[in-house]
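A.B. asks: What follows is target-v8.csv, made up of CSV, C-alpha atoms:
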chain,number,residue,atom,x,y,z
A,25,MET,CA,83.5,70.9,72.2
A,26,GLN,CA,80.6,73.2,73.1
A,27,LYS,CA,81.7,76.9,73.9
A,28,VAL,CA,79.9,78.4,76.9
A,29,ARG,CA,80.0,81.6,78.9
A,30,VAL,CA,79.4,81.8,82.6
A,31,LYS,CA,76.6,84.2,83.2
A,32,GLN,CA,77.5,87.5,84.8
A,33,MET,CA,74.9,87.2,87.6
A,34,MET,CA,75.2,88.4,91.1
A,35,PRO,CA,72.3,86.8,92.9
A,36,PRO,CA,72.1,87.0,96.7
A,37,GLY,CA,72.5,83.9,98.9
A,38,HIS,CA,74.5,80.7,98.6
A,39,VAL,CA,75.9,80.0,95.1
A,40,ARG,CA,78.7,77.6,94.0
A,41,THR,CA,79.8,79.5,90.9
A,42,PRO,CA,83.1,81.2,91.8
A,43,PHE,CA,83.1,85.0,91.3
A,44,TYR,CA,86.4,84.8,89.4
A,45,LEU,CA,84.8,82.8,86.6
A,46,ARG,CA,81.7,84.9,86.0
A,47,GLY,CA,81.6,86.3,82.5
A,48,LYS,CA,84.4,84.0,81.4
A,49,CYS,CA,84.2,81.7,78.3
A,50,GLY,CA,85.2,78.1,78.3
A,51,THR,CA,84.4,74.7,76.7
A,52,ILE,CA,82.4,71.9,78.3
A,53,GLU,CA,85.0,69.2,79.1
A,54,ARG,CA,82.3,66.7,80.2
A,55,SER,CA,78.8,66.7,81.4
A,56,LEU,CA,78.2,65.0,84.8
A,57,GLY,CA,74.5,64.4,85.0
A,58,ALA,CA,72.0,66.2,87.3
A,59,PHE,CA,72.6,67.1,90.9
A,60,PRO,CA,70.3,68.8,93.5
A,61,ASN,CA,70.7,72.6,93.2
A,62,PRO,CA,72.9,73.7,96.0
A,63,GLU,CA,71.3,77.2,95.9
A,64,ASP,CA,68.1,75.5,97.3
A,65,LEU,CA,69.8,72.8,99.4
A,66,ALA,CA,71.7,75.4,101.4
A,67,TYR,CA,68.4,76.7,102.8
A,68,GLY,CA,66.7,73.3,103.3
A,69,LEU,CA,64.4,73.9,100.3
A,70,LYS,CA,63.2,71.2,97.9
A,71,ALA,CA,66.1,71.1,95.4
A,72,PRO,CA,65.5,70.1,91.8
A,73,ALA,CA,68.3,68.2,90.1
A,74,LEU,CA,70.0,70.4,87.6
A,75,PRO,CA,72.5,69.4,84.9
A,76,LEU,CA,76.1,70.0,86.0
A,77,HIS,CA,79.0,70.4,83.6
A,78,ARG,CA,82.8,70.5,83.9
A,79,VAL,CA,83.9,73.7,82.0
A,80,ARG,CA,87.5,74.2,81.0
A,81,PHE,CA,88.9,77.7,80.8
A,82,THR,CA,92.3,78.9,79.6
A,83,MET,CA,94.3,80.9,82.2
A,84,ALA,CA,94.5,83.6,79.5
A,85,GLU,CA,90.7,83.8,79.5
A,86,VAL,CA,90.5,83.9,83.3
A,87,TRP,CA,93.3,86.2,84.1
A,88,GLY,CA,94.0,88.0,80.9
A,89,SER,CA,97.6,89.4,80.5
A,90,ASP,CA,98.2,88.7,84.2
A,91,ALA,CA,98.1,84.9,83.5
A,92,GLU,CA,101.1,83.1,84.8
A,93,ASN,CA,101.1,80.8,81.8
A,94,PRO,CA,98.3,81.6,79.2
A,95,ASP,CA,98.0,78.0,77.9
A,96,ASP,CA,97.5,76.4,81.3
A,97,THR,CA,93.9,75.5,82.1
A,98,LEU,CA,91.4,75.6,84.8
A,99,ASP,CA,88.4,73.3,85.1
A,100,ALA,CA,85.4,73.9,87.3
A,101,GLU,CA,82.0,72.4,87.8
A,102,ILE,CA,79.3,74.8,86.8
A,103,TYR,CA,75.5,74.3,86.9
A,104,GLU,CA,73.7,74.6,83.6
A,105,HIS,CA,71.6,77.5,84.7
A,106,TRP,CA,74.8,79.5,85.1
A,107,LEU,CA,75.8,78.9,81.5
A,108,GLU,CA,74.9,80.5,78.2
A,109,PRO,CA,76.1,79.7,74.6
A,110,ALA,CA,79.2,81.6,73.5
A,111,ASP,CA,80.0,81.9,69.9
B,2,MET,CA,108.4,78.5,139.9
B,3,PRO,CA,107.9,75.5,137.6
B,4,HIS,CA,104.4,76.6,136.3
B,5,ASP,CA,105.2,80.3,136.0
B,6,HIS,CA,105.6,80.6,132.2
B,7,HIS,CA,106.5,84.2,132.3
B,8,ASP,CA,108.7,83.9,129.2
B,9,HIS,CA,106.1,81.8,127.3
B,10,LEU,CA,108.7,79.3,126.1
B,11,SER,CA,108.9,75.6,127.0
B,12,PRO,CA,112.2,74.1,128.1
B,13,SER,CA,112.6,73.0,124.5
B,14,GLY,CA,112.4,76.6,123.4
B,15,HIS,CA,108.9,76.4,121.8
B,16,PRO,CA,106.1,78.8,122.8
B,17,TYR,CA,103.4,77.4,124.9
B,18,ARG,CA,100.1,77.0,123.2
B,19,ALA,CA,97.3,78.9,124.9
B,20,ASP,CA,94.6,76.8,126.5
B,21,ASP,CA,91.3,76.9,124.7
B,22,ASP,CA,89.4,78.4,127.7
B,23,THR,CA,87.0,80.2,125.5
B,24,PRO,CA,83.2,80.0,125.5
B,25,LEU,CA,81.6,77.7,122.9
B,26,SER,CA,80.7,79.4,119.7
B,27,TYR,CA,77.0,79.6,118.6
B,28,TRP,CA,77.5,76.8,116.1
B,29,GLN,CA,79.5,74.6,118.5
B,30,THR,CA,76.6,74.9,120.9
B,31,MET,CA,74.1,74.2,118.1
B,32,GLU,CA,76.0,71.0,117.2
B,33,ILE,CA,76.0,69.7,120.7
B,34,ALA,CA,72.3,70.5,121.1
B,35,VAL,CA,71.3,68.8,117.8
B,36,ARG,CA,73.4,65.8,118.6
B,37,GLU,CA,71.9,65.4,122.1
B,38,LEU,CA,68.4,65.8,120.7
B,39,LEU,CA,69.0,63.1,118.0
B,40,ILE,CA,70.3,60.7,120.7
B,41,ASP,CA,67.5,61.5,123.1
B,42,LYS,CA,64.9,60.9,120.4
B,43,GLY,CA,66.5,57.6,119.5
B,44,ILE,CA,67.3,58.7,115.9
B,45,THR,CA,71.0,57.9,116.5
B,46,THR,CA,73.2,56.8,119.3
B,47,ALA,CA,76.4,58.0,120.8
B,48,ALA,CA,78.0,54.8,119.7
B,49,ASP,CA,76.9,55.5,116.1
B,50,VAL,CA,78.5,58.9,116.2
B,51,ALA,CA,81.7,57.5,117.6
B,52,GLN,CA,81.6,54.8,115.0
B,53,GLN,CA,81.3,57.3,112.1
B,54,ILE,CA,84.3,59.2,113.6
B,55,ASP,CA,86.3,56.0,113.7
B,56,THR,CA,85.4,55.2,110.1
B,57,MET,CA,86.5,58.6,108.9
B,58,ASP,CA,89.7,58.4,110.9
B,59,ALA,CA,90.5,55.0,109.4
B,60,ARG,CA,90.5,56.4,105.9
B,61,SER,CA,93.9,57.5,104.8
B,62,PRO,CA,96.0,58.4,101.8
B,63,ALA,CA,97.1,54.8,101.8
B,64,ASN,CA,93.7,53.9,100.3
B,65,GLY,CA,94.3,56.2,97.3
B,66,ALA,CA,97.9,54.9,97.0
B,67,ARG,CA,96.6,51.4,96.4
B,68,VAL,CA,94.2,52.7,93.8
B,69,VAL,CA,97.1,54.5,92.0
B,70,ALA,CA,99.3,51.4,92.2
B,71,ARG,CA,96.6,49.2,90.7
B,72,ALA,CA,96.1,51.7,87.9
B,73,TRP,CA,99.9,51.7,87.2
B,74,THR,CA,100.0,47.9,86.9
B,75,ASP,CA,96.6,46.9,85.5
B,76,PRO,CA,95.6,48.5,82.2
B,77,ASP,CA,92.0,47.3,82.4
B,78,PHE,CA,91.6,48.7,85.9
B,79,HIS,CA,93.2,52.0,84.7
B,80,ALA,CA,90.6,52.3,81.9
B,81,ARG,CA,87.8,51.7,84.4
B,82,LEU,CA,89.3,54.2,86.8
B,83,MET,CA,89.5,56.9,84.2
B,84,GLN,CA,85.9,56.1,83.2
B,85,ASP,CA,84.4,56.0,86.7
B,86,ALA,CA,86.8,56.4,89.6
B,87,SER,CA,84.1,55.9,92.2
B,88,ALA,CA,83.1,52.5,90.8
B,89,ALA,CA,86.8,51.5,90.4
B,90,SER,CA,87.5,52.4,94.1
B,91,ARG,CA,84.5,50.5,95.3
B,92,GLU,CA,85.6,47.5,93.1
B,93,MET,CA,88.8,47.5,95.3
B,94,GLY,CA,86.7,47.2,98.4
B,95,PHE,CA,86.9,50.8,99.6
B,96,ASP,CA,83.7,52.1,101.4
B,97,ILE,CA,83.5,55.5,99.9
B,98,GLY,CA,79.8,56.2,100.5
B,99,PRO,CA,78.2,58.6,98.0
B,100,LEU,CA,81.6,60.0,96.8
B,101,HIS,CA,81.6,61.1,93.2
B,102,LEU,CA,85.3,60.7,92.2
B,103,ILE,CA,87.1,61.8,89.0
B,104,ALA,CA,90.6,60.6,88.4
B,105,VAL,CA,92.9,62.9,86.4
B,106,GLU,CA,96.3,61.7,85.2
B,107,ASN,CA,99.7,63.3,85.1
B,108,THR,CA,101.8,62.6,82.0
B,109,ALA,CA,104.9,63.9,80.4
B,110,LYS,CA,102.8,66.7,78.9
B,111,VAL,CA,100.2,67.4,81.6
B,112,HIS,CA,100.3,68.1,85.3
B,113,ASN,CA,97.1,68.2,87.3
B,114,VAL,CA,96.5,69.9,90.7
B,115,ILE,CA,93.4,70.0,92.8
B,116,VAL,CA,91.9,72.9,94.8
B,117,CYS,CA,88.6,74.0,96.3
B,118,THR,CA,88.4,77.8,96.1
B,119,LEU,CA,85.0,77.9,97.8
B,120,CYS,CA,85.7,75.8,100.8
B,121,SER,CA,87.7,72.6,101.4
B,122,CYS,CA,86.1,69.9,99.1
B,123,TYR,CA,88.4,66.9,99.2
B,124,PRO,CA,87.9,63.1,98.5
B,125,ARG,CA,87.7,62.4,102.3
B,126,ASN,CA,85.8,59.2,101.8
B,127,LEU,CA,88.8,57.7,100.1
B,128,LEU,CA,91.8,59.7,101.3
B,129,GLY,CA,90.7,60.8,104.8
B,130,LEU,CA,90.8,64.4,106.1
B,131,PRO,CA,92.6,67.0,104.0
B,132,PRO,CA,95.9,68.6,105.2
B,133,ASP,CA,95.4,71.9,107.0
B,134,TRP,CA,97.1,73.9,104.2
B,135,TYR,CA,94.6,72.6,101.7
B,136,LYS,CA,91.9,74.6,103.6
B,137,SER,CA,94.1,77.8,103.9
B,138,ARG,CA,93.0,80.9,102.1
B,139,ALA,CA,96.5,81.2,100.6
B,140,TYR,CA,96.4,77.8,98.9
B,141,ARG,CA,92.8,78.2,97.8
B,142,SER,CA,93.3,81.6,96.3
B,143,ARG,CA,96.8,81.3,94.9
B,144,THR,CA,96.4,77.8,93.2
B,145,VAL,CA,94.0,79.1,90.6
B,146,ARG,CA,95.9,82.3,90.1
B,147,GLU,CA,99.6,81.2,90.1
B,148,PRO,CA,99.6,77.4,90.2
B,149,ARG,CA,103.2,77.1,89.0
B,150,ARG,CA,104.5,79.3,91.7
B,151,VAL,CA,102.5,77.4,94.3
B,152,LEU,CA,103.8,74.1,93.0
B,153,SER,CA,107.4,75.4,93.0
B,154,GLU,CA,107.0,76.2,96.7
B,155,PHE,CA,106.0,72.5,97.2
B,156,GLY,CA,109.2,71.6,95.4
B,157,VAL,CA,107.5,70.7,92.1
B,158,HIS,CA,109.3,72.6,89.3
B,159,LEU,CA,107.6,72.2,85.9
B,160,PRO,CA,109.1,73.1,82.5
B,161,ASP,CA,107.0,75.4,80.4
B,162,GLU,CA,106.2,72.6,77.9
B,163,VAL,CA,104.2,70.8,80.6
B,164,GLN,CA,100.7,72.1,80.7
B,165,VAL,CA,99.2,72.7,84.2
B,166,ARG,CA,95.6,71.8,84.6
B,167,VAL,CA,94.0,73.2,87.8
B,168,HIS,CA,90.8,71.6,88.9
B,169,ASP,CA,88.5,73.7,91.2
B,170,SER,CA,86.2,71.4,93.1
B,171,THR,CA,83.2,73.8,93.0
B,172,ALA,CA,80.3,71.3,93.2
B,173,ASP,CA,79.6,67.6,93.6
B,174,MET,CA,82.7,66.0,92.1
B,175,ARG,CA,85.9,65.2,94.1
B,176,TYR,CA,89.3,64.6,92.4
B,177,ILE,CA,92.3,62.3,92.7
B,178,VAL,CA,95.5,62.9,90.7
B,179,ILE,CA,97.1,59.8,89.3
B,180,PRO,CA,100.7,60.8,89.5
B,181,ALA,CA,103.1,59.7,86.7
B,182,ARG,CA,104.8,56.3,87.5
B,183,PRO,CA,108.4,56.9,88.4
B,184,ALA,CA,111.1,55.6,86.1
B,185,GLY,CA,112.9,52.4,87.2
B,186,THR,CA,109.9,50.8,88.9
B,187,GLU,CA,109.3,48.1,86.2
B,188,ASP,CA,110.2,45.3,88.6
B,189,LEU,CA,108.2,46.5,91.6
B,190,ASP,CA,105.0,44.8,92.6
B,191,GLU,CA,101.7,46.6,93.4
B,192,ASP,CA,102.4,46.9,97.2
B,193,ALA,CA,105.9,48.3,96.7
B,194,LEU,CA,104.5,50.8,94.1
B,195,ALA,CA,101.8,52.0,96.5
B,196,GLY,CA,104.6,52.9,98.9
B,197,LEU,CA,105.8,55.5,96.4
B,198,VAL,CA,102.5,57.3,96.2
B,199,THR,CA,102.3,60.2,98.6
B,200,ARG,CA,99.2,62.2,99.7
B,201,ASP,CA,100.5,65.3,98.0
B,202,SER,CA,101.1,63.4,94.7
B,203,MET,CA,97.4,62.6,94.7
B,204,ILE,CA,96.5,66.3,95.2
B,205,GLY,CA,99.1,67.3,92.6
B,206,THR,CA,101.3,69.3,94.9
B,207,GLY,CA,103.9,66.5,94.8
B,208,LEU,CA,105.2,63.8,92.6
B,209,ALA,CA,105.4,60.0,93.3
B,210,ARG,CA,108.6,59.1,95.1
B,211,ASP,CA,111.5,57.5,93.3
B,212,PRO,CA,112.2,54.0,94.4
Now that the file is in, can you turn its structure into structure tokens?
C.D. replies:
Amino acid sequence: MQKVRVKQMMPPGHVRTPFYLRGKCGTIERSLGAFPNPEDLAYGLKAPALPLHRVRFTMAEVWGSDAENPDDTLDAEIYEHWLEPAD
Amino acid sequence: MPHDHHDHLSPSGHPYRADDDTPLSYWQTMEIAVRELLIDKGITTAADVAQQIDTMDARSPANGARVVARAWTDPDFHARLMQDASAASREMGFDIGPLHLIAVENTAKVHNVIVCTLCSCYPRNLLGLPPDWYKSRAYRSRTVREPRRVLSEFGVHLPDEVQVRVHDSTADMRYIVIPARPAGTEDLDEDALAGLVTRDSMIGTGLARDP
């Protein structure tokens, strides 16, 4: 499975990448196809369809030593422009 | 005097709820204005609006329960559901509109639970409106942080060897949990099985009922 990192970006405006996942590494669980970019849709702008992926993170990666159970996982849908390769 | 609620308690001992005698908010006013304009301009009608509300109110967790029961009893349907839960739901005759649905399955080794940390995304077009707690800040923030503790507060106590998978509905997908089929249900038909599937079991905060 492809390893990715969520970009550590802080753009203004409406985004659907949760703050708590920024900078975290996970693997692409499945790819979902392309969907209109919510960052444009939110403002009534023409919204190009962008690839959307389900990314799986371990709780250890998300919460570090505070994780309730490090091997539990968290899946979230992240648009491709928020992802970068992680090796 | 009968209407002098100076102690703020009803005869049954519950507090009276305050009347909502507050001015409309900006967005409430905006909604009414836009709705009236759409009706005035002939783009929609009051009957259409009422019809949409009725359609949404008619959706209920019973729809999802039927999908789950079919998946428990029909291996081919189960395979199609796991591949494309929207198509499988439509195949059963449910009008789910543009809903993009993903089914995730509980097993002896995996327990799934659904949350939307950003707002309140929920498969409304199949299951109807979400419970109020699903939209609460406590559920949304704690389920990604301490899912086992949240589940235990719902009465779901998971052993360490069961992996918890939290699904945060952050974008276009919506999720339904296929709960594990309870033991001792081999002789039940699809209708009886559907009666064991609770709303919470399809969110992951509950288990299917024992027969």
A.B. asks: For chain B, work out the contacting residues on chain A at 8 Å, counting all atoms listed in the file, and write them as a PyMOL selection string.
C.D. replies: chain A and resi 40-42+59+87+91-92+95-102
A.B. asks: Give me the residues within 12 Å of region 27-35 of chain B as a CSV table (one decimal) with C-alpha atoms, in the frame of the given file, counting all atoms listed in the file and dropping any in the same chain fewer than 6 places off.
C.D. replies:
chain,number,residue,atom,x,y,z
B,41,ASP,CA,67.5,61.5,123.1
B,42,LYS,CA,64.9,60.9,120.4
B,44,ILE,CA,67.3,58.7,115.9
B,45,THR,CA,71.0,57.9,116.5
B,47,ALA,CA,76.4,58.0,120.8
B,50,VAL,CA,78.5,58.9,116.2
A.B. asks: What is the distance between CA of Ala80 (chain B) and CA of Phe81 (chain A), in Å to one decimal?
C.D. replies: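 These two atoms are separated by 25.5 Å.
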A.B. asks: Using all atoms listed in the file, pick whichever of B:Phe155, B:Met93, B:Gln53, B:Trp134 has the shortest atom-to-atom distance to Ala66 (chain B).
C.D. replies: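 Among the listed residues, the smallest separation from Ala66 (chain B) belongs to B:Met93.
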A.B. asks: For Arg91 (chain B), work out the shell of residues within 12 Å, counting all atoms listed in the file and skipping chain neighbours fewer than 3 positions away, then give it as a list of chain:residue names.
C.D. replies: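 Near neighbours after the sequence-gap exclusion: B:Asn64, B:Gly65, B:Val68, B:Phe78, B:Arg81, B:Leu82, B:Asp85, B:Ala86, B:Ser87, B:Ala88, B:Gly94, B:Phe95, B:Asp96, B:Ile97, B:Gly98, B:Pro99, B:Leu100, B:His101, B:Leu102, B:Asn126, B:Leu127.
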A.B. asks: Mind checking which residues fall within 8 Å of Lys136 (chain B), counting only C-alpha atoms, ignoring those fewer than 5 positions away in the same chain, and posting them as a count of residues only?
C.D. replies: 4
A.B. asks: Need the shell around Asp190 (chain B): protein/DNA/RNA residues with any atom at most 10 Å away, counting only C-alpha atoms. Skip same-chain ones fewer than 3 positions apart. Format as a list in words?
C.D. replies: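 Listing them by chain and then by number gives Ala70, Arg71, Thr74, Thr186, Glu187, Ala193, Leu194 and Ala195 of chain B.
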A.B. asks: In Å to one decimal, how far is CA of Thr206 (chain B) from CA of Val151 (chain B)?
C.D. replies: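 Distance between the two atoms: 8.2 Å.
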A.B. asks: Residues within 8 Å of Leu56 (chain A), please, as a PDB file with C-alpha atoms, in the coordinates of the input. Count only C-alpha atoms; anything in the same chain fewer than 2 positions from it doesn't count.
C.D. replies:
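And here's result13.pdb as it stands now:
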ATOM      1  CA  ARG A  54      82.300  66.700  80.200  1.00  0.00           C
ATOM      2  CA  ALA A  58      72.000  66.200  87.300  1.00  0.00           C
ATOM      3  CA  PRO A  75      72.500  69.400  84.900  1.00  0.00           C
ATOM      4  CA  LEU A  76      76.100  70.000  86.000  1.00  0.00           C
ATOM      5  CA  HIS A  77      79.000  70.400  83.600  1.00  0.00           C
ATOM      6  CA  ARG A  78      82.800  70.500  83.900  1.00  0.00           C
TER       7      ARG A  78
END
A.B. asks: Would you list the residues near (76.7, 90.7, 87.1), meaning any protein, DNA or RNA residue with an atom at most 12 Å from that point in file coordinates, counting only C-alpha atoms, as an mmCIF file with C-alpha atoms, in the coordinates of the input?
C.D. replies:
data_model
loop_
_atom_site.group_PDB
_atom_site.id
_atom_site.type_symbol
_atom_site.label_atom_id
_atom_site.label_comp_id
_atom_site.auth_asym_id
_atom_site.auth_seq_id
_atom_site.Cartn_x
_atom_site.Cartn_y
_atom_site.Cartn_z
ATOM 1 C CA VAL A 30 79.400 81.800 82.600
ATOM 2 C CA LYS A 31 76.600 84.200 83.200
ATOM 3 C CA GLN A 32 77.500 87.500 84.800
ATOM 4 C CA MET A 33 74.900 87.200 87.600
ATOM 5 C CA MET A 34 75.200 88.400 91.100
ATOM 6 C CA PRO A 35 72.300 86.800 92.900
ATOM 7 C CA PRO A 36 72.100 87.000 96.700
ATOM 8 C CA PHE A 43 83.100 85.000 91.300
ATOM 9 C CA TYR A 44 86.400 84.800 89.400
ATOM 10 C CA LEU A 45 84.800 82.800 86.600
ATOM 11 C CA ARG A 46 81.700 84.900 86.000
ATOM 12 C CA GLY A 47 81.600 86.300 82.500
ATOM 13 C CA LYS A 48 84.400 84.000 81.400
ATOM 14 C CA TRP A 106 74.800 79.500 85.100
#
A.B. asks: So, with all atoms listed in the file as the atoms that count, which of A:Gly37, A:Tyr67, A:Glu104, A:Ala73 lies closest to Ser55 (chain A)?
C.D. replies: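 Looking at the shortest contact to Ser55 (chain A), the residue is A:Glu104.
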A.B. asks: At what distance in Å, to one decimal, does CA of Ala109 (chain B) lie from CA of Pro160 (chain B)?
C.D. replies: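 Between CA of Pro160 (chain B) and CA of Ala109 (chain B) the gap is 10.3 Å.
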